[in-house]
Amino acid sequence: MKRPLCLLAALLLAALCACGGAPSPAESPAPAPAAGRPAATTLTFTDDLGREVTAPAPPQRVAALLGSYADVWCLAGGQDTLAAAAHDAWTDFALDLGGDVADLGGLLEPSLEALIAAEPDFVLASSNTAAHLELQSALEELGIPVAYFDVNSFADYLAMLQTCTMLTGRDDLYQQNGLDVQAQVDDAKARADGSAPTVLVLRAAGSSCKVKNSQGTVLGELLADLGAVNIADSDTQLLEDLSLERILADDPDCIFVVYQGDDEAAARRTLEAALTANPAWNTLTAVQQGRFYVMDKQLFHLKPNARWGEAYQQAAALLYGG
(Lines give C-alpha, C1' and ligand atoms only; values in the text may rest on other atoms or scores of the structure.)
Protein backbone atom coordinates (compact mmCIF):
# COMPACT_ATOMS: atom_id res chain seq x y z
CA MET A 1 0.00 0.00 0.00
CA LYS A 2 1.12 3.52 -0.68
CA ARG A 3 1.79 5.68 2.35
CA PRO A 4 -0.37 8.86 2.62
CA LEU A 5 1.51 11.83 1.17
CA CYS A 6 1.57 13.66 4.50
CA LEU A 7 3.26 10.66 6.20
CA LEU A 8 5.69 10.30 3.29
CA ALA A 9 6.48 14.00 3.54
CA ALA A 10 7.18 13.72 7.25
CA LEU A 11 9.47 10.74 6.72
CA LEU A 12 11.34 12.51 3.93
CA LEU A 13 11.74 15.64 6.00
CA ALA A 14 13.07 13.62 8.93
CA ALA A 15 15.60 11.99 6.61
CA LEU A 16 16.71 15.36 5.30
CA CYS A 17 17.17 16.67 8.85
CA ALA A 18 19.24 13.63 9.80
CA CYS A 19 21.49 14.34 6.84
CA GLY A 20 21.88 17.99 7.69
CA GLY A 21 19.19 19.07 5.23
CA ALA A 22 16.09 21.11 5.82
CA PRO A 23 15.20 21.82 9.48
CA SER A 24 11.72 20.97 10.68
CA PRO A 25 9.10 23.67 10.10
CA ALA A 26 8.81 24.36 13.83
CA GLU A 27 12.55 25.03 14.09
CA SER A 28 13.11 26.63 10.71
CA PRO A 29 14.37 30.21 10.87
CA ALA A 30 13.03 32.76 8.40
CA PRO A 31 15.08 32.59 5.19
CA ALA A 32 17.76 35.24 4.88
CA PRO A 33 16.93 37.76 2.16
CA ALA A 34 19.00 37.60 -1.02
CA ALA A 35 21.54 40.34 -1.61
CA GLY A 36 19.82 43.63 -2.31
CA ARG A 37 16.40 42.37 -1.21
CA PRO A 38 14.46 43.69 1.77
CA ALA A 39 13.55 41.38 4.62
CA ALA A 40 10.48 39.34 3.68
CA THR A 41 7.01 40.40 4.76
CA THR A 42 3.88 38.47 3.78
CA LEU A 43 1.06 38.81 1.27
CA THR A 44 -2.36 37.20 1.67
CA PHE A 45 -4.48 36.49 -1.40
CA THR A 46 -7.16 34.09 -2.64
CA ASP A 47 -6.08 31.37 -5.06
CA ASP A 48 -8.18 29.69 -7.77
CA LEU A 49 -9.44 27.04 -5.35
CA GLY A 50 -10.90 29.83 -3.23
CA ARG A 51 -8.29 29.24 -0.52
CA GLU A 52 -6.74 32.10 1.45
CA VAL A 53 -2.98 31.84 0.99
CA THR A 54 -0.36 33.75 2.97
CA ALA A 55 3.05 33.72 1.30
CA PRO A 56 6.34 35.50 2.00
CA ALA A 57 6.73 38.65 -0.07
CA PRO A 58 9.09 38.24 -1.71
CA PRO A 59 9.59 34.47 -1.48
CA GLN A 60 13.20 33.34 -1.46
CA ARG A 61 12.84 29.77 -2.79
CA VAL A 62 9.94 29.08 -5.17
CA ALA A 63 8.91 25.75 -6.68
CA ALA A 64 6.73 25.72 -9.82
CA LEU A 65 4.95 22.44 -10.55
CA LEU A 66 4.25 23.43 -14.18
CA GLY A 67 6.74 24.76 -16.70
CA SER A 68 4.26 27.48 -17.68
CA TYR A 69 4.05 28.61 -14.06
CA ALA A 70 7.84 28.72 -13.84
CA ASP A 71 7.71 30.95 -16.91
CA VAL A 72 5.14 33.25 -15.29
CA TRP A 73 7.28 33.47 -12.15
CA CYS A 74 10.30 34.47 -14.25
CA LEU A 75 8.18 37.04 -16.13
CA ALA A 76 7.27 38.47 -12.72
CA GLY A 77 10.96 39.00 -11.94
CA GLY A 78 11.43 35.91 -9.80
CA GLN A 79 14.00 33.97 -11.82
CA ASP A 80 16.71 34.36 -9.17
CA THR A 81 14.43 32.82 -6.54
CA LEU A 82 13.24 29.82 -8.58
CA ALA A 83 14.50 26.78 -6.69
CA ALA A 84 12.63 23.97 -8.47
CA ALA A 85 10.48 23.45 -11.56
CA ALA A 86 8.70 20.75 -13.53
CA HIS A 87 10.71 19.16 -16.33
CA ASP A 88 8.74 20.94 -19.06
CA ALA A 89 10.23 24.25 -17.91
CA TRP A 90 13.34 23.09 -19.78
CA THR A 91 11.79 21.06 -22.61
CA ASP A 92 8.65 22.97 -23.65
CA PHE A 93 9.47 26.46 -22.40
CA ALA A 94 13.27 26.37 -22.83
CA LEU A 95 13.79 28.53 -19.75
CA ASP A 96 17.37 29.55 -19.07
CA LEU A 97 17.51 28.29 -15.49
CA GLY A 98 20.60 27.93 -13.38
CA GLY A 99 22.14 24.57 -12.66
CA ASP A 100 21.00 24.80 -9.05
CA VAL A 101 17.30 24.72 -10.01
CA ALA A 102 15.92 21.27 -9.14
CA ASP A 103 14.08 19.25 -11.77
CA LEU A 104 10.83 17.98 -10.19
CA GLY A 105 10.09 15.55 -13.03
CA GLY A 106 6.91 15.27 -15.06
CA LEU A 107 4.18 17.84 -14.51
CA LEU A 108 1.62 15.06 -13.94
CA GLU A 109 3.81 13.24 -11.41
CA PRO A 110 6.06 15.72 -9.58
CA SER A 111 8.60 14.19 -7.23
CA LEU A 112 7.69 14.92 -3.62
CA GLU A 113 11.22 13.94 -2.56
CA ALA A 114 12.81 16.46 -4.94
CA LEU A 115 10.27 19.10 -3.94
CA ILE A 116 11.04 18.81 -0.22
CA ALA A 117 14.78 18.65 -0.88
CA ALA A 118 14.55 21.98 -2.73
CA GLU A 119 13.38 23.59 0.55
CA PRO A 120 10.77 25.90 -1.03
CA ASP A 121 9.09 28.66 0.95
CA PHE A 122 6.34 29.00 -1.70
CA VAL A 123 4.88 26.59 -4.28
CA LEU A 124 2.95 27.35 -7.50
CA ALA A 125 0.59 24.51 -8.45
CA SER A 126 -2.24 23.73 -10.87
CA SER A 127 -5.81 23.38 -9.64
CA ASN A 128 -6.51 21.09 -12.63
CA THR A 129 -3.80 18.52 -11.94
CA ALA A 130 -4.71 15.71 -9.55
CA ALA A 131 -1.12 15.05 -8.49
CA HIS A 132 -0.74 18.71 -7.48
CA LEU A 133 -3.93 18.65 -5.44
CA GLU A 134 -2.74 15.53 -3.66
CA LEU A 135 0.31 17.44 -2.43
CA GLN A 136 -1.75 20.06 -0.61
CA SER A 137 -2.07 18.34 2.76
CA ALA A 138 1.60 17.31 2.79
CA LEU A 139 2.78 20.85 2.03
CA GLU A 140 0.42 22.37 4.58
CA GLU A 141 1.65 19.94 7.24
CA LEU A 142 5.19 21.04 6.46
CA GLY A 143 4.19 24.70 6.74
CA ILE A 144 4.97 25.41 3.07
CA PRO A 145 2.42 27.79 1.47
CA VAL A 146 1.06 26.55 -1.86
CA ALA A 147 -1.13 28.53 -4.26
CA TYR A 148 -3.28 26.82 -6.90
CA PHE A 149 -3.94 28.51 -10.24
CA ASP A 150 -6.19 27.67 -13.22
CA VAL A 151 -4.76 29.27 -16.37
CA ASN A 152 -6.42 28.63 -19.72
CA SER A 153 -7.24 32.13 -20.90
CA PHE A 154 -5.49 35.47 -21.15
CA ALA A 155 -7.56 36.79 -18.24
CA ASP A 156 -6.36 33.83 -16.13
CA TYR A 157 -2.75 34.57 -17.07
CA LEU A 158 -3.14 38.26 -16.26
CA ALA A 159 -4.58 37.46 -12.82
CA MET A 160 -1.74 35.04 -12.01
CA LEU A 161 0.89 37.48 -13.24
CA GLN A 162 -0.60 40.21 -11.06
CA THR A 163 -0.39 37.98 -7.98
CA CYS A 164 3.20 37.00 -8.80
CA THR A 165 4.33 40.59 -9.40
CA MET A 166 2.70 41.63 -6.13
CA LEU A 167 4.82 38.97 -4.43
CA THR A 168 8.02 40.07 -6.19
CA GLY A 169 7.22 43.78 -5.94
CA ARG A 170 7.73 44.27 -9.69
CA ASP A 171 4.83 46.43 -10.83
CA ASP A 172 6.90 47.37 -13.88
CA LEU A 173 6.82 43.77 -15.08
CA TYR A 174 3.06 43.57 -14.61
CA GLN A 175 2.87 46.53 -16.97
CA GLN A 176 5.39 45.10 -19.46
CA ASN A 177 4.29 41.46 -19.51
CA GLY A 178 0.64 42.01 -18.66
CA LEU A 179 -0.97 45.34 -19.45
CA ASP A 180 1.12 45.96 -22.56
CA VAL A 181 0.16 42.50 -23.80
CA GLN A 182 -3.47 43.28 -23.00
CA ALA A 183 -3.26 46.20 -25.41
CA GLN A 184 -2.29 43.75 -28.18
CA VAL A 185 -5.14 41.44 -27.19
CA ASP A 186 -7.65 44.28 -27.20
CA ASP A 187 -6.44 45.39 -30.63
CA ALA A 188 -6.97 41.87 -31.98
CA LYS A 189 -10.46 41.66 -30.45
CA ALA A 190 -11.36 44.99 -32.04
CA ARG A 191 -10.90 43.34 -35.45
CA ALA A 192 -13.95 41.12 -34.90
CA ASP A 193 -16.58 42.30 -37.39
CA GLY A 194 -19.63 40.72 -35.79
CA SER A 195 -19.86 37.93 -38.36
CA ALA A 196 -19.35 35.24 -35.66
CA PRO A 197 -17.63 32.62 -37.85
CA THR A 198 -18.29 29.03 -36.87
CA VAL A 199 -15.21 26.96 -36.00
CA LEU A 200 -14.17 23.38 -35.40
CA VAL A 201 -11.26 22.92 -32.99
CA LEU A 202 -9.29 19.66 -33.13
CA ARG A 203 -6.46 18.38 -30.96
CA ALA A 204 -4.45 15.53 -32.46
CA ALA A 205 -1.80 13.39 -30.80
CA GLY A 206 -0.10 10.13 -31.69
CA SER A 207 -2.81 8.13 -29.94
CA SER A 208 -5.99 10.13 -30.46
CA CYS A 209 -7.80 12.95 -32.25
CA LYS A 210 -10.45 14.89 -30.34
CA VAL A 211 -12.84 17.77 -30.84
CA LYS A 212 -12.53 20.53 -28.23
CA ASN A 213 -15.13 23.08 -27.24
CA SER A 214 -14.58 26.65 -26.01
CA GLN A 215 -13.73 25.70 -22.44
CA GLY A 216 -10.49 24.53 -20.89
CA THR A 217 -8.00 24.92 -23.75
CA VAL A 218 -5.92 27.87 -24.88
CA LEU A 219 -7.12 27.67 -28.50
CA GLY A 220 -10.77 27.11 -27.66
CA GLU A 221 -11.02 29.97 -25.18
CA LEU A 222 -9.04 32.35 -27.38
CA LEU A 223 -11.25 31.78 -30.44
CA ALA A 224 -14.39 32.29 -28.34
CA ASP A 225 -12.96 35.54 -26.98
CA LEU A 226 -12.47 36.69 -30.56
CA GLY A 227 -16.15 36.16 -31.33
CA ALA A 228 -16.00 32.75 -33.03
CA VAL A 229 -18.76 30.19 -32.46
CA ASN A 230 -17.44 26.72 -31.66
CA ILE A 231 -19.73 24.07 -33.15
CA ALA A 232 -18.94 21.68 -30.27
CA ASP A 233 -20.50 24.11 -27.78
CA SER A 234 -23.94 23.25 -29.15
CA ASP A 235 -23.21 19.89 -30.80
CA THR A 236 -21.81 18.32 -27.63
CA GLN A 237 -21.94 14.79 -29.04
CA LEU A 238 -18.83 15.69 -31.06
CA LEU A 239 -16.86 15.76 -27.80
CA GLU A 240 -17.60 12.09 -27.21
CA ASP A 241 -17.89 10.77 -30.74
CA LEU A 242 -15.58 12.16 -33.42
CA SER A 243 -17.98 11.95 -36.38
CA LEU A 244 -17.16 13.29 -39.84
CA GLU A 245 -20.85 12.99 -40.65
CA ARG A 246 -21.73 15.47 -37.89
CA ILE A 247 -18.89 17.80 -38.92
CA LEU A 248 -20.23 17.75 -42.49
CA ALA A 249 -23.70 18.60 -41.20
CA ASP A 250 -22.38 21.56 -39.15
CA ASP A 251 -20.00 22.62 -41.96
CA PRO A 252 -17.91 25.13 -39.97
CA ASP A 253 -16.45 28.25 -41.58
CA CYS A 254 -12.95 27.51 -40.21
CA ILE A 255 -11.16 24.44 -38.91
CA PHE A 256 -8.27 24.72 -36.46
CA VAL A 257 -6.02 21.86 -35.35
CA VAL A 258 -3.19 21.83 -32.85
CA TYR A 259 -0.79 18.91 -32.54
CA GLN A 260 -0.04 17.60 -29.06
CA GLY A 261 3.06 15.75 -27.92
CA ASP A 262 6.60 15.53 -29.25
CA ASP A 263 5.87 13.45 -32.37
CA GLU A 264 4.08 15.77 -34.79
CA ALA A 265 4.31 13.24 -37.62
CA ALA A 266 2.45 10.66 -35.52
CA ALA A 267 -0.20 13.25 -34.63
CA ARG A 268 -0.63 14.10 -38.30
CA ARG A 269 -1.11 10.43 -39.16
CA THR A 270 -3.75 10.13 -36.44
CA LEU A 271 -5.63 13.11 -37.88
CA GLU A 272 -5.43 11.63 -41.37
CA ALA A 273 -6.75 8.27 -40.22
CA ALA A 274 -9.60 9.88 -38.28
CA LEU A 275 -10.69 12.56 -40.74
CA THR A 276 -8.60 14.05 -43.50
CA ALA A 277 -7.99 10.88 -45.53
CA ASN A 278 -11.73 10.50 -46.07
CA PRO A 279 -12.72 11.98 -49.47
CA ALA A 280 -15.76 13.61 -47.84
CA TRP A 281 -13.39 15.83 -45.83
CA ASN A 282 -12.59 17.76 -49.00
CA THR A 283 -16.25 18.73 -49.45
CA LEU A 284 -16.22 20.87 -46.30
CA THR A 285 -16.51 24.59 -46.95
CA ALA A 286 -13.50 25.39 -44.74
CA VAL A 287 -11.30 22.94 -46.65
CA GLN A 288 -12.45 24.14 -50.07
CA GLN A 289 -11.84 27.78 -49.12
CA GLY A 290 -8.41 27.12 -47.61
CA ARG A 291 -9.55 27.82 -44.06
CA PHE A 292 -8.12 24.68 -42.48
CA TYR A 293 -5.31 25.85 -40.20
CA VAL A 294 -2.59 24.00 -38.30
CA MET A 295 -1.77 26.16 -35.29
CA ASP A 296 1.56 26.70 -33.54
CA LYS A 297 1.76 24.45 -30.48
CA GLN A 298 3.80 27.01 -28.56
CA LEU A 299 1.09 29.64 -28.91
CA PHE A 300 -2.13 27.63 -29.00
CA HIS A 301 -1.56 24.50 -26.92
CA LEU A 302 1.05 25.44 -24.34
CA LYS A 303 0.36 28.57 -22.33
CA PRO A 304 1.70 31.52 -24.40
CA ASN A 305 2.10 33.79 -21.33
CA ALA A 306 3.88 36.96 -22.53
CA ARG A 307 3.02 35.93 -26.13
CA TRP A 308 -0.77 36.01 -25.65
CA GLY A 309 -0.91 39.18 -27.75
CA GLU A 310 0.88 37.45 -30.61
CA ALA A 311 -1.50 34.48 -30.38
CA TYR A 312 -4.57 36.74 -30.50
CA GLN A 313 -3.20 38.69 -33.44
CA GLN A 314 -2.53 35.53 -35.46
CA ALA A 315 -5.95 34.03 -34.76
CA ALA A 316 -7.78 37.30 -35.51
CA ALA A 317 -6.04 37.53 -38.89
CA LEU A 318 -7.21 34.00 -39.76
CA LEU A 319 -10.77 34.64 -38.64
CA TYR A 320 -11.27 38.12 -40.05
CA GLY A 321 -8.47 38.73 -42.51
CA GLY A 322 -5.93 41.52 -42.58
# chains A, B, ... in the order shown; residues from 1 in each chain; ligands from 1

call {"tool": "select_by_dssp", "arguments": {"residues": "segment 13-230 of chain A", "states": "strand (DSSP E or B)", "output": "count of residues only"}}
result
43

call {"tool": "residues_around", "arguments": {"residues": "Arg51 of chain A", "least_positions_apart": "3", "cutoff": "9 Å", "atoms": "only C-alpha atoms", "output": "NGL selection string"}}
result
:A and (45-48 or 147-148)

call {"tool": "write_last_selection", "arguments": {"atoms": "all heavy atoms", "output": "PDB file, in the first residue's frame"}}
result
ATOM      1  N   PHE A  45      -3.633  36.385  -0.217  1.00  0.00           N
ATOM      2  CA  PHE A  45      -4.484  36.490  -1.399  1.00  0.00           C
ATOM      3  C   PHE A  45      -5.320  35.222  -1.519  1.00  0.00           C
ATOM      4  O   PHE A  45      -5.096  34.241  -0.799  1.00  0.00           O
ATOM      5  CB  PHE A  45      -3.625  36.684  -2.666  1.00  0.00           C
ATOM      6  CG  PHE A  45      -2.634  35.581  -2.915  1.00  0.00           C
ATOM      7  CD1 PHE A  45      -2.957  34.507  -3.737  1.00  0.00           C
ATOM      8  CD2 PHE A  45      -1.378  35.609  -2.322  1.00  0.00           C
ATOM      9  CE1 PHE A  45      -2.041  33.480  -3.964  1.00  0.00           C
ATOM     10  CE2 PHE A  45      -0.460  34.589  -2.542  1.00  0.00           C
ATOM     11  CZ  PHE A  45      -0.789  33.524  -3.368  1.00  0.00           C
ATOM     12  N   THR A  46      -6.292  35.242  -2.420  1.00  0.00           N
ATOM     13  CA  THR A  46      -7.163  34.085  -2.643  1.00  0.00           C
ATOM     14  C   THR A  46      -6.748  33.403  -3.935  1.00  0.00           C
ATOM     15  O   THR A  46      -6.648  34.044  -4.980  1.00  0.00           O
ATOM     16  CB  THR A  46      -8.633  34.505  -2.731  1.00  0.00           C
ATOM     17  OG1 THR A  46      -8.999  35.168  -1.522  1.00  0.00           O
ATOM     18  CG2 THR A  46      -9.535  33.293  -2.942  1.00  0.00           C
ATOM     19  N   ASP A  47      -6.500  32.078  -3.854  1.00  0.00           N
ATOM     20  CA  ASP A  47      -6.082  31.367  -5.064  1.00  0.00           C
ATOM     21  C   ASP A  47      -7.309  30.863  -5.816  1.00  0.00           C
ATOM     22  O   ASP A  47      -8.456  31.143  -5.448  1.00  0.00           O
ATOM     23  CB  ASP A  47      -5.083  30.252  -4.736  1.00  0.00           C
ATOM     24  CG  ASP A  47      -5.717  29.054  -4.028  1.00  0.00           C
ATOM     25  OD1 ASP A  47      -6.950  29.030  -3.812  1.00  0.00           O
ATOM     26  OD2 ASP A  47      -4.963  28.118  -3.680  1.00  0.00           O
ATOM     27  N   ASP A  48      -7.078  30.106  -6.904  1.00  0.00           N
ATOM     28  CA  ASP A  48      -8.179  29.693  -7.772  1.00  0.00           C
ATOM     29  C   ASP A  48      -8.978  28.513  -7.231  1.00  0.00           C
ATOM     30  O   ASP A  48      -9.963  28.092  -7.856  1.00  0.00           O
ATOM     31  CB  ASP A  48      -7.650  29.376  -9.176  1.00  0.00           C
ATOM     32  CG  ASP A  48      -7.262  30.632  -9.933  1.00  0.00           C
ATOM     33  OD1 ASP A  48      -7.688  31.736  -9.519  1.00  0.00           O
ATOM     34  OD2 ASP A  48      -6.527  30.535 -10.938  1.00  0.00           O
ATOM     35  N   ALA A 147      -0.026  27.846  -3.595  1.00  0.00           N
ATOM     36  CA  ALA A 147      -1.131  28.527  -4.260  1.00  0.00           C
ATOM     37  C   ALA A 147      -1.492  27.773  -5.527  1.00  0.00           C
ATOM     38  O   ALA A 147      -0.607  27.391  -6.304  1.00  0.00           O
ATOM     39  CB  ALA A 147      -0.754  29.966  -4.587  1.00  0.00           C
ATOM     40  N   TYR A 148      -2.788  27.547  -5.735  1.00  0.00           N
ATOM     41  CA  TYR A 148      -3.277  26.820  -6.896  1.00  0.00           C
ATOM     42  C   TYR A 148      -3.875  27.804  -7.906  1.00  0.00           C
ATOM     43  O   TYR A 148      -4.677  28.660  -7.547  1.00  0.00           O
ATOM     44  CB  TYR A 148      -4.330  25.797  -6.477  1.00  0.00           C
ATOM     45  CG  TYR A 148      -3.729  24.606  -5.770  1.00  0.00           C
ATOM     46  CD1 TYR A 148      -3.564  24.606  -4.386  1.00  0.00           C
ATOM     47  CD2 TYR A 148      -3.301  23.494  -6.481  1.00  0.00           C
ATOM     48  CE1 TYR A 148      -3.004  23.521  -3.735  1.00  0.00           C
ATOM     49  CE2 TYR A 148      -2.739  22.400  -5.845  1.00  0.00           C
ATOM     50  CZ  TYR A 148      -2.585  22.421  -4.471  1.00  0.00           C
ATOM     51  OH  TYR A 148      -2.014  21.352  -3.832  1.00  0.00           O
TER      52      TYR A 148
END

call {"tool": "select_by_dssp", "arguments": {"residues": "segment 167-301 of chain A", "states": "alpha helix (DSSP H)", "output": "PyMOL selection string"}}
result
chain A and resi 167-168+171-174+180-189+218-225+231-234+237-240+244-250+264-271+285-288+297-300

call {"tool": "closest_residue", "arguments": {"among": "A:Leu133, A:Ala190, A:Ala138, A:Val201", "to": "Leu239 of chain A", "atoms": "only C-alpha atoms"}}
result
A:Val201

call {"tool": "residues_around", "arguments": {"residues": "Ala306 of chain A", "least_positions_apart": "4", "cutoff": "10 Å", "atoms": "only C-alpha atoms", "output": "list in words"}}
result
Asp71, Val72, Leu75, Phe154, Tyr157, Leu158, Leu161, Gln176, Asn177, Gly178, Asp180, Val181, Gln182, Glu310 and Ala311 of chain A

call {"tool": "closest_residue", "arguments": {"among": "A:Gly216, A:Gly309, A:Gly67, A:Gly77", "to": "Leu179 of chain A", "atoms": "only C-alpha atoms"}}
result
A:Gly309

call {"tool": "residues_around", "arguments": {"residues": "segment 244-259 of chain A", "least_positions_apart": "3", "cutoff": "9 Å", "atoms": "only C-alpha atoms", "output": "MDAnalysis selection string"}}
result
chainID A and resid 197:206 219 230:231 235 237:238 262:264 267:268 274:275 278 280:281 283:287 289:297 300:301 318:319

call {"tool": "closest_residue", "arguments": {"among": "A:Gln215, A:Lys210, A:Ala228, A:Glu113", "to": "Thr270 of chain A", "atoms": "only C-alpha atoms"}}
result
A:Lys210

call {"tool": "closest_residue", "arguments": {"among": "A:Ala117, A:Leu104, A:Leu142, A:Val123", "to": "Val53 of chain A", "atoms": "only C-alpha atoms"}}
result
A:Val123

call {"tool": "residues_around", "arguments": {"residues": "Tyr312 of chain A", "least_positions_apart": "5", "cutoff": "12 Å", "atoms": "only C-alpha atoms", "output": "ChimeraX atom specification"}}
result
/A:153-154,181-192,218-227,295,299-300,304-307,317-320

call {"tool": "closest_residue", "arguments": {"among": "A:Ser68, A:Gln60, A:Thr168, A:Thr54", "to": "Thr91 of chain A", "atoms": "only C-alpha atoms"}}
result
A:Ser68

call {"tool": "residues_around", "arguments": {"residues": "Leu66 of chain A", "least_positions_apart": "6", "cutoff": "12 Å", "atoms": "only C-alpha atoms", "output": "ChimeraX atom specification"}}
result
/A:72-73,84-93,103-110,123-129,131-132,148-151,302-303

call {"tool": "closest_residue", "arguments": {"among": "A:Ala159, A:Ala55, A:Ala196, A:Val101", "to": "Asp80 of chain A", "atoms": "only C-alpha atoms"}}
result
A:Val101
